[in-house]
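Enquirer: Next comes the structure file structure_39.cif, holding mmCIF, N, CA and C atoms.
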data_my_file
loop_
_atom_site.label_atom_id
_atom_site.label_comp_id
_atom_site.auth_asym_id
_atom_site.auth_seq_id
_atom_site.Cartn_x
_atom_site.Cartn_y
_atom_site.Cartn_z
N MET A 2 -102.54 70.21 -139.72
CA MET A 2 -102.60 69.53 -138.44
C MET A 2 -103.09 68.11 -138.69
N SER A 3 -102.45 67.15 -138.05
CA SER A 3 -102.86 65.75 -138.15
C SER A 3 -103.71 65.37 -136.95
N VAL A 4 -104.67 64.50 -137.20
CA VAL A 4 -105.50 63.95 -136.14
C VAL A 4 -105.42 62.43 -136.25
N ALA A 5 -105.21 61.77 -135.13
CA ALA A 5 -105.08 60.31 -135.13
C ALA A 5 -106.15 59.70 -134.24
N LYS A 6 -106.45 58.44 -134.52
CA LYS A 6 -107.39 57.67 -133.72
C LYS A 6 -106.69 56.38 -133.31
N VAL A 7 -107.08 55.85 -132.15
CA VAL A 7 -106.49 54.61 -131.64
C VAL A 7 -107.61 53.59 -131.45
N ILE A 8 -107.39 52.38 -131.99
CA ILE A 8 -108.32 51.28 -131.77
C ILE A 8 -107.59 50.16 -131.06
N GLU A 9 -108.32 49.37 -130.31
CA GLU A 9 -107.72 48.24 -129.61
C GLU A 9 -108.16 46.95 -130.28
N ILE A 10 -107.21 46.10 -130.59
CA ILE A 10 -107.53 44.81 -131.21
C ILE A 10 -106.81 43.69 -130.48
N ILE A 11 -107.36 42.49 -130.61
CA ILE A 11 -106.76 41.29 -130.04
C ILE A 11 -106.46 40.35 -131.20
N SER A 12 -105.27 39.80 -131.21
CA SER A 12 -104.86 38.91 -132.29
C SER A 12 -104.18 37.68 -131.70
N GLY A 13 -104.32 36.55 -132.39
CA GLY A 13 -103.71 35.31 -131.93
C GLY A 13 -102.95 34.59 -133.02
N SER A 14 -102.00 33.78 -132.59
CA SER A 14 -101.20 32.98 -133.52
C SER A 14 -100.77 31.70 -132.82
N LYS A 15 -100.70 30.63 -133.56
CA LYS A 15 -100.19 29.37 -133.02
C LYS A 15 -98.66 29.33 -133.06
N LYS A 16 -98.02 30.30 -133.78
CA LYS A 16 -96.57 30.31 -133.95
C LYS A 16 -95.82 31.09 -132.87
N SER A 17 -96.17 32.39 -132.70
CA SER A 17 -95.38 33.24 -131.80
C SER A 17 -96.11 34.56 -131.53
N PHE A 18 -95.59 35.31 -130.55
CA PHE A 18 -96.13 36.64 -130.29
C PHE A 18 -95.89 37.55 -131.49
N GLU A 19 -94.70 37.45 -132.09
CA GLU A 19 -94.39 38.28 -133.26
C GLU A 19 -95.38 38.01 -134.39
N ASP A 20 -95.71 36.76 -134.62
CA ASP A 20 -96.67 36.42 -135.66
C ASP A 20 -98.06 36.96 -135.32
N ALA A 21 -98.43 36.91 -134.04
CA ALA A 21 -99.72 37.46 -133.61
C ALA A 21 -99.79 38.96 -133.89
N VAL A 22 -98.70 39.67 -133.64
CA VAL A 22 -98.65 41.11 -133.93
C VAL A 22 -98.78 41.35 -135.43
N ASN A 23 -98.00 40.61 -136.21
CA ASN A 23 -98.04 40.80 -137.67
C ASN A 23 -99.41 40.47 -138.25
N GLU A 24 -100.03 39.41 -137.76
CA GLU A 24 -101.36 39.04 -138.25
C GLU A 24 -102.40 40.10 -137.87
N GLY A 25 -102.30 40.60 -136.65
CA GLY A 25 -103.22 41.65 -136.21
C GLY A 25 -103.08 42.92 -137.03
N LEU A 26 -101.85 43.33 -137.29
CA LEU A 26 -101.63 44.52 -138.10
C LEU A 26 -102.10 44.32 -139.54
N ALA A 27 -101.87 43.13 -140.07
CA ALA A 27 -102.32 42.84 -141.44
C ALA A 27 -103.84 42.95 -141.54
N ARG A 28 -104.55 42.41 -140.57
CA ARG A 28 -106.02 42.49 -140.57
C ARG A 28 -106.49 43.92 -140.37
N ALA A 29 -105.83 44.65 -139.48
CA ALA A 29 -106.22 46.05 -139.22
C ALA A 29 -106.07 46.89 -140.48
N THR A 30 -104.97 46.69 -141.21
CA THR A 30 -104.74 47.50 -142.41
C THR A 30 -105.65 47.09 -143.57
N ASP A 31 -106.34 45.95 -143.45
CA ASP A 31 -107.35 45.58 -144.45
C ASP A 31 -108.55 46.53 -144.39
N SER A 32 -108.86 47.02 -143.18
CA SER A 32 -110.05 47.86 -143.04
C SER A 32 -109.76 49.30 -142.65
N VAL A 33 -108.54 49.59 -142.20
CA VAL A 33 -108.16 50.94 -141.79
C VAL A 33 -106.92 51.34 -142.57
N SER A 34 -106.94 52.55 -143.12
CA SER A 34 -105.75 53.01 -143.85
C SER A 34 -104.95 53.98 -142.98
N ASP A 35 -103.76 54.28 -143.42
CA ASP A 35 -102.85 55.22 -142.75
C ASP A 35 -102.49 54.81 -141.33
N VAL A 36 -102.24 53.51 -141.11
CA VAL A 36 -101.78 53.04 -139.80
C VAL A 36 -100.36 53.55 -139.60
N THR A 37 -100.11 54.16 -138.44
CA THR A 37 -98.80 54.75 -138.18
C THR A 37 -98.03 54.06 -137.07
N GLY A 38 -98.70 53.22 -136.27
CA GLY A 38 -97.98 52.56 -135.19
C GLY A 38 -98.89 51.66 -134.38
N ALA A 39 -98.26 50.92 -133.48
CA ALA A 39 -99.02 50.03 -132.59
C ALA A 39 -98.27 49.90 -131.27
N TRP A 40 -99.02 49.77 -130.21
CA TRP A 40 -98.48 49.58 -128.87
C TRP A 40 -99.01 48.25 -128.36
N ILE A 41 -98.12 47.36 -127.96
CA ILE A 41 -98.53 46.07 -127.43
C ILE A 41 -98.88 46.26 -125.95
N LYS A 42 -100.16 46.20 -125.67
CA LYS A 42 -100.66 46.46 -124.32
C LYS A 42 -100.53 45.24 -123.41
N ASP A 43 -100.73 44.04 -123.99
CA ASP A 43 -100.72 42.83 -123.18
C ASP A 43 -100.36 41.63 -124.05
N GLN A 44 -99.74 40.66 -123.43
CA GLN A 44 -99.43 39.39 -124.09
C GLN A 44 -99.88 38.27 -123.16
N ARG A 45 -100.40 37.21 -123.75
CA ARG A 45 -100.76 36.04 -122.94
C ARG A 45 -100.70 34.80 -123.81
N VAL A 46 -100.69 33.67 -123.18
CA VAL A 46 -100.69 32.40 -123.91
C VAL A 46 -101.89 31.57 -123.48
N ILE A 47 -102.33 30.74 -124.41
CA ILE A 47 -103.38 29.76 -124.12
C ILE A 47 -102.67 28.42 -123.99
N VAL A 48 -102.95 27.72 -122.89
CA VAL A 48 -102.28 26.46 -122.60
C VAL A 48 -103.28 25.32 -122.61
N ALA A 49 -102.90 24.22 -123.23
CA ALA A 49 -103.70 22.99 -123.22
C ALA A 49 -102.76 21.82 -122.99
N ASN A 50 -103.10 20.98 -122.05
CA ASN A 50 -102.28 19.80 -121.72
C ASN A 50 -100.83 20.18 -121.41
N GLY A 51 -100.66 21.30 -120.73
CA GLY A 51 -99.33 21.71 -120.32
C GLY A 51 -98.47 22.33 -121.41
N LYS A 52 -99.04 22.59 -122.59
CA LYS A 52 -98.27 23.17 -123.69
C LYS A 52 -98.95 24.42 -124.21
N VAL A 53 -98.13 25.37 -124.68
CA VAL A 53 -98.67 26.59 -125.29
C VAL A 53 -99.29 26.22 -126.63
N VAL A 54 -100.57 26.56 -126.80
CA VAL A 54 -101.24 26.26 -128.06
C VAL A 54 -101.57 27.53 -128.85
N GLU A 55 -101.52 28.69 -128.18
CA GLU A 55 -101.76 29.94 -128.90
C GLU A 55 -101.14 31.11 -128.14
N TYR A 56 -100.57 32.04 -128.92
CA TYR A 56 -100.02 33.28 -128.40
C TYR A 56 -101.00 34.39 -128.74
N ARG A 57 -101.34 35.22 -127.76
CA ARG A 57 -102.29 36.30 -128.01
C ARG A 57 -101.69 37.64 -127.57
N VAL A 58 -102.02 38.66 -128.34
CA VAL A 58 -101.61 40.02 -127.99
C VAL A 58 -102.83 40.93 -128.03
N VAL A 59 -102.81 41.88 -127.12
CA VAL A 59 -103.77 42.98 -127.14
C VAL A 59 -102.96 44.19 -127.54
N MET A 60 -103.37 44.86 -128.61
CA MET A 60 -102.60 46.01 -129.07
C MET A 60 -103.48 47.18 -129.42
N LYS A 61 -102.91 48.35 -129.25
CA LYS A 61 -103.57 49.59 -129.63
C LYS A 61 -102.93 50.05 -130.93
N VAL A 62 -103.73 50.18 -131.96
CA VAL A 62 -103.26 50.54 -133.29
C VAL A 62 -103.65 51.99 -133.56
N THR A 63 -102.68 52.79 -133.98
CA THR A 63 -102.90 54.21 -134.27
C THR A 63 -102.95 54.42 -135.77
N PHE A 64 -103.94 55.20 -136.20
CA PHE A 64 -104.04 55.55 -137.61
C PHE A 64 -104.48 57.00 -137.76
N LEU A 65 -104.13 57.60 -138.88
CA LEU A 65 -104.49 58.99 -139.14
C LEU A 65 -105.93 59.09 -139.61
N VAL A 66 -106.61 60.13 -139.14
CA VAL A 66 -107.98 60.40 -139.56
C VAL A 66 -107.91 61.36 -140.73
N LYS A 67 -108.54 60.99 -141.83
CA LYS A 67 -108.53 61.84 -143.01
C LYS A 67 -109.46 63.02 -142.79
N PRO A 68 -109.04 64.20 -143.24
CA PRO A 68 -109.90 65.37 -143.07
C PRO A 68 -111.14 65.28 -143.96
N SER A 69 -112.24 65.75 -143.43
CA SER A 69 -113.48 65.79 -144.19
C SER A 69 -113.49 67.06 -145.05
N THR A 70 -114.01 66.96 -146.23
CA THR A 70 -114.08 68.15 -147.09
C THR A 70 -115.17 69.11 -146.65
N THR A 71 -116.05 68.64 -145.73
CA THR A 71 -117.13 69.49 -145.27
C THR A 71 -116.99 69.88 -143.80
N SER A 72 -115.89 69.52 -143.15
CA SER A 72 -115.73 69.80 -141.73
C SER A 72 -115.47 71.29 -141.51
N LYS A 73 -115.80 71.77 -140.32
CA LYS A 73 -115.57 73.17 -139.96
C LYS A 73 -114.09 73.49 -139.95
N ALA A 74 -113.27 72.55 -139.51
CA ALA A 74 -111.82 72.78 -139.46
C ALA A 74 -111.25 73.01 -140.86
N THR A 75 -111.76 72.29 -141.85
CA THR A 75 -111.29 72.43 -143.22
C THR A 75 -111.71 73.78 -143.78
N LYS A 76 -112.91 74.24 -143.47
CA LYS A 76 -113.43 75.49 -144.00
C LYS A 76 -112.69 76.70 -143.43
N LYS A 77 -112.11 76.58 -142.22
CA LYS A 77 -111.41 77.70 -141.61
C LYS A 77 -110.07 77.98 -142.27
N ARG A 78 -109.53 77.03 -142.98
CA ARG A 78 -108.21 77.19 -143.60
C ARG A 78 -108.25 78.13 -144.71
#
Just give me the structure of the file as structure tokens.
Expert:
Amino acid sequence: MSVAKVIEIISGSKKSFEDAVNEGLARATDSVSDVTGAWIKDQRVIVANGKVVEYRVVMKVTFLVKPSTTSKATKKR
């Protein structure tokens, strides 16, 4: 049986929404392993002097939780 956890992160890019997503996932996978997917919850832009200066995304990143060798669930198997 697999167990997954979801974390919410915010990422920004001066280039595009796609770049903000890629940068956010790259940072998430630096500290979390077994990332299996992401859901883009929100998108917004930061505007200065009438121009878009940053693209931001709020995303929920899903990753698998590794089983503990001492957990009760593992011992029942």
Enquirer: Step by step, work through what the PyMOL selection byres ((chain A and resi 56) around 8) selects in the shown file, and finish by giving those residues as a short mmCIF file (atom, residue, chain, number, x, y, z; two decimals) with N, CA and C atoms, in the frame of the given file.
Expert:
data_model
loop_
_atom_site.label_atom_id
_atom_site.label_comp_id
_atom_site.auth_asym_id
_atom_site.auth_seq_id
_atom_site.Cartn_x
_atom_site.Cartn_y
_atom_site.Cartn_z
N SER A 12 -105.27 39.80 -131.21
CA SER A 12 -104.86 38.91 -132.29
C SER A 12 -104.18 37.68 -131.70
N GLY A 13 -104.32 36.55 -132.39
CA GLY A 13 -103.71 35.31 -131.93
C GLY A 13 -102.95 34.59 -133.02
N SER A 14 -102.00 33.78 -132.59
CA SER A 14 -101.20 32.98 -133.52
C SER A 14 -100.77 31.70 -132.82
N LYS A 15 -100.70 30.63 -133.56
CA LYS A 15 -100.19 29.37 -133.02
C LYS A 15 -98.66 29.33 -133.06
N LYS A 16 -98.02 30.30 -133.78
CA LYS A 16 -96.57 30.31 -133.95
C LYS A 16 -95.82 31.09 -132.87
N SER A 17 -96.17 32.39 -132.70
CA SER A 17 -95.38 33.24 -131.80
C SER A 17 -96.11 34.56 -131.53
N PHE A 18 -95.59 35.31 -130.55
CA PHE A 18 -96.13 36.64 -130.29
C PHE A 18 -95.89 37.55 -131.49
N GLU A 19 -94.70 37.45 -132.09
CA GLU A 19 -94.39 38.28 -133.26
C GLU A 19 -95.38 38.01 -134.39
N ASP A 20 -95.71 36.76 -134.62
CA ASP A 20 -96.67 36.42 -135.66
C ASP A 20 -98.06 36.96 -135.32
N ALA A 21 -98.43 36.91 -134.04
CA ALA A 21 -99.72 37.46 -133.61
C ALA A 21 -99.79 38.96 -133.89
N VAL A 22 -98.70 39.67 -133.64
CA VAL A 22 -98.65 41.11 -133.93
C VAL A 22 -98.78 41.35 -135.43
N GLN A 44 -99.74 40.66 -123.43
CA GLN A 44 -99.43 39.39 -124.09
C GLN A 44 -99.88 38.27 -123.16
N ARG A 45 -100.40 37.21 -123.75
CA ARG A 45 -100.76 36.04 -122.94
C ARG A 45 -100.70 34.80 -123.81
N VAL A 46 -100.69 33.67 -123.18
CA VAL A 46 -100.69 32.40 -123.91
C VAL A 46 -101.89 31.57 -123.48
N ILE A 47 -102.33 30.74 -124.41
CA ILE A 47 -103.38 29.76 -124.12
C ILE A 47 -102.67 28.42 -123.99
N VAL A 48 -102.95 27.72 -122.89
CA VAL A 48 -102.28 26.46 -122.60
C VAL A 48 -103.28 25.32 -122.61
N VAL A 53 -98.13 25.37 -124.68
CA VAL A 53 -98.67 26.59 -125.29
C VAL A 53 -99.29 26.22 -126.63
N VAL A 54 -100.57 26.56 -126.80
CA VAL A 54 -101.24 26.26 -128.06
C VAL A 54 -101.57 27.53 -128.85
N GLU A 55 -101.52 28.69 -128.18
CA GLU A 55 -101.76 29.94 -128.90
C GLU A 55 -101.14 31.11 -128.14
N ARG A 57 -101.34 35.22 -127.76
CA ARG A 57 -102.29 36.30 -128.01
C ARG A 57 -101.69 37.64 -127.57
N VAL A 58 -102.02 38.66 -128.34
CA VAL A 58 -101.61 40.02 -127.99
C VAL A 58 -102.83 40.93 -128.03
N VAL A 59 -102.81 41.88 -127.12
CA VAL A 59 -103.77 42.98 -127.14
C VAL A 59 -102.96 44.19 -127.54
#
Enquirer: As a list in words, please: every residue in chain A that a backbone DSSP assignment puts in alpha helix (DSSP H).
Expert: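 These are the residues in question: Phe18, Glu19, Asp20, Ala21, Val22, Asn23, Glu24, Gly25, Leu26, Ala27, Arg28, Ala29, Thr30, Asp31, Ser32, Lys73, Ala74, Thr75, Lys76 and Lys77 of chain A.
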Enquirer: Evaluated on this file, the PyMOL selection byres ((chain A and resi 7-9) around 7) picks out some residues - which ones are they, written as a PyMOL selection string?
Expert: chain A and resi 5-6+10-11+59-64
Enquirer: Hey, which of A:Val36, A:Leu26, A:Asp31, A:Met2 ends up closest to Leu65 of chain A? Count all atoms listed in the file.
Expert: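 Answer, going by the shortest atom-to-atom distance: A:Val36.
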Enquirer: Quick one: distance from atom CA of Trp40 of chain A to atom CA of Val4 of chain A in Å, one decimal?
Expert: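 We find that atom CA of Trp40 of chain A and atom CA of Val4 of chain A lie 17.6 Å from each other.
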Enquirer: Extending 3 Å beyond the listed atoms of segment 13-16 of chain A on each side, what axis-aligned box results? I want centre and edge lengths in Å to one decimal, as AutoDock Vina command-line options.
Expert:
--center_x -100.1 --center_y 32.9 --center_z -132.9 --size_x 14.5 --size_y 13.2 --size_z 8.0
Enquirer: Just list the residues in chain A DSSP gives strand (DSSP E or B) on the backbone, as a PyMOL selection string.
Expert: chain A and resi 5-14+36-49+52-65
Enquirer: Could you pull segment 11-25 of chain A out of the block above and save it with all heavy atoms, as an mmCIF file, in the first residue's frame?
Expert:
data_model
loop_
_atom_site.group_PDB
_atom_site.id
_atom_site.type_symbol
_atom_site.label_atom_id
_atom_site.label_comp_id
_atom_site.auth_asym_id
_atom_site.auth_seq_id
_atom_site.Cartn_x
_atom_site.Cartn_y
_atom_site.Cartn_z
ATOM 1 N N ILE A 11 4.816 27.987 -2.903
ATOM 2 C CA ILE A 11 4.643 29.150 -3.772
ATOM 3 C C ILE A 11 5.970 29.373 -4.480
ATOM 4 O O ILE A 11 7.023 29.347 -3.847
ATOM 5 C CB ILE A 11 4.259 30.392 -2.962
ATOM 6 C CG1 ILE A 11 2.949 30.145 -2.213
ATOM 7 C CG2 ILE A 11 4.145 31.623 -3.861
ATOM 8 C CD1 ILE A 11 2.624 31.188 -1.177
ATOM 9 N N SER A 12 5.902 29.583 -5.778
ATOM 10 C CA SER A 12 7.112 29.778 -6.565
ATOM 11 C C SER A 12 6.911 30.948 -7.520
ATOM 12 O O SER A 12 5.801 31.191 -7.988
ATOM 13 C CB SER A 12 7.419 28.506 -7.354
ATOM 14 O OG SER A 12 8.566 28.665 -8.149
ATOM 15 N N GLY A 13 8.001 31.655 -7.819
ATOM 16 C CA GLY A 13 7.922 32.793 -8.723
ATOM 17 C C GLY A 13 8.996 32.758 -9.791
ATOM 18 O O GLY A 13 10.036 32.130 -9.622
ATOM 19 N N SER A 14 8.703 33.434 -10.887
ATOM 20 C CA SER A 14 9.648 33.540 -11.997
ATOM 21 C C SER A 14 9.425 34.861 -12.715
ATOM 22 O O SER A 14 8.294 35.323 -12.839
ATOM 23 C CB SER A 14 9.445 32.394 -12.983
ATOM 24 O OG SER A 14 10.135 32.644 -14.196
ATOM 25 N N LYS A 15 10.484 35.441 -13.206
ATOM 26 C CA LYS A 15 10.376 36.655 -14.007
ATOM 27 C C LYS A 15 10.062 36.331 -15.468
ATOM 28 O O LYS A 15 9.717 37.211 -16.241
ATOM 29 C CB LYS A 15 11.656 37.471 -13.892
ATOM 30 C CG LYS A 15 11.886 37.965 -12.472
ATOM 31 C CD LYS A 15 12.995 38.962 -12.399
ATOM 32 C CE LYS A 15 13.294 39.390 -10.989
ATOM 33 N NZ LYS A 15 12.181 39.942 -10.242
ATOM 34 N N LYS A 16 10.156 35.022 -15.859
ATOM 35 C CA LYS A 16 9.953 34.611 -17.246
ATOM 36 C C LYS A 16 8.514 34.250 -17.584
ATOM 37 O O LYS A 16 7.939 34.784 -18.534
ATOM 38 C CB LYS A 16 10.833 33.399 -17.564
ATOM 39 C CG LYS A 16 12.312 33.659 -17.510
ATOM 40 C CD LYS A 16 13.061 32.383 -17.811
ATOM 41 C CE LYS A 16 14.554 32.539 -17.598
ATOM 42 N NZ LYS A 16 15.257 31.274 -17.828
ATOM 43 N N SER A 17 7.931 33.276 -16.833
ATOM 44 C CA SER A 17 6.613 32.759 -17.200
ATOM 45 C C SER A 17 6.032 31.905 -16.082
ATOM 46 O O SER A 17 6.735 31.536 -15.138
ATOM 47 C CB SER A 17 6.714 31.893 -18.459
ATOM 48 O OG SER A 17 7.486 30.727 -18.186
ATOM 49 N N PHE A 18 4.737 31.574 -16.217
ATOM 50 C CA PHE A 18 4.115 30.658 -15.267
ATOM 51 C C PHE A 18 4.767 29.282 -15.354
ATOM 52 O O PHE A 18 5.007 28.632 -14.344
ATOM 53 C CB PHE A 18 2.610 30.527 -15.542
ATOM 54 C CG PHE A 18 1.813 31.716 -15.106
ATOM 55 C CD1 PHE A 18 1.076 32.439 -16.021
ATOM 56 C CD2 PHE A 18 1.777 32.109 -13.774
ATOM 57 C CE1 PHE A 18 0.321 33.537 -15.627
ATOM 58 C CE2 PHE A 18 1.027 33.209 -13.368
ATOM 59 C CZ PHE A 18 0.305 33.914 -14.297
ATOM 60 N N GLU A 19 5.050 28.828 -16.576
ATOM 61 C CA GLU A 19 5.684 27.525 -16.760
ATOM 62 C C GLU A 19 7.034 27.471 -16.047
ATOM 63 O O GLU A 19 7.355 26.483 -15.388
ATOM 64 C CB GLU A 19 5.864 27.227 -18.250
ATOM 65 C CG GLU A 19 6.470 25.858 -18.499
ATOM 66 C CD GLU A 19 6.611 25.536 -19.981
ATOM 67 O OE1 GLU A 19 6.188 26.347 -20.826
ATOM 68 O OE2 GLU A 19 7.150 24.460 -20.275
ATOM 69 N N ASP A 20 7.811 28.534 -16.150
ATOM 70 C CA ASP A 20 9.103 28.579 -15.474
ATOM 71 C C ASP A 20 8.920 28.584 -13.951
ATOM 72 O O ASP A 20 9.688 27.948 -13.236
ATOM 73 C CB ASP A 20 9.902 29.801 -15.924
ATOM 74 C CG ASP A 20 11.349 29.751 -15.477
ATOM 75 O OD1 ASP A 20 12.034 28.736 -15.760
ATOM 76 O OD2 ASP A 20 11.793 30.707 -14.803
ATOM 77 N N ALA A 21 7.891 29.276 -13.464
ATOM 78 C CA ALA A 21 7.614 29.286 -12.024
ATOM 79 C C ALA A 21 7.289 27.876 -11.532
ATOM 80 O O ALA A 21 7.754 27.460 -10.463
ATOM 81 C CB ALA A 21 6.469 30.239 -11.717
ATOM 82 N N VAL A 22 6.521 27.118 -12.313
ATOM 83 C CA VAL A 22 6.197 25.740 -11.953
ATOM 84 C C VAL A 22 7.466 24.892 -11.937
ATOM 85 O O VAL A 22 7.737 24.156 -10.979
ATOM 86 C CB VAL A 22 5.160 25.136 -12.931
ATOM 87 C CG1 VAL A 22 5.015 23.635 -12.716
ATOM 88 C CG2 VAL A 22 3.822 25.830 -12.779
ATOM 89 N N ASN A 23 8.259 25.005 -12.990
ATOM 90 C CA ASN A 23 9.491 24.204 -13.076
ATOM 91 C C ASN A 23 10.473 24.540 -11.956
ATOM 92 O O ASN A 23 11.089 23.645 -11.378
ATOM 93 C CB ASN A 23 10.160 24.379 -14.438
ATOM 94 C CG ASN A 23 9.387 23.696 -15.540
ATOM 95 O OD1 ASN A 23 8.747 22.678 -15.326
ATOM 96 N ND2 ASN A 23 9.422 24.263 -16.730
ATOM 97 N N GLU A 24 10.602 25.812 -11.636
ATOM 98 C CA GLU A 24 11.503 26.223 -10.551
ATOM 99 C C GLU A 24 10.997 25.701 -9.200
ATOM 100 O O GLU A 24 11.771 25.237 -8.367
ATOM 101 C CB GLU A 24 11.634 27.749 -10.503
ATOM 102 C CG GLU A 24 12.415 28.338 -11.666
ATOM 103 C CD GLU A 24 13.885 27.963 -11.633
ATOM 104 O OE1 GLU A 24 14.479 27.888 -10.539
ATOM 105 O OE2 GLU A 24 14.446 27.732 -12.718
ATOM 106 N N GLY A 25 9.698 25.788 -8.988
ATOM 107 C CA GLY A 25 9.121 25.283 -7.743
ATOM 108 C C GLY A 25 9.310 23.794 -7.582
ATOM 109 O O GLY A 25 9.675 23.311 -6.503
#
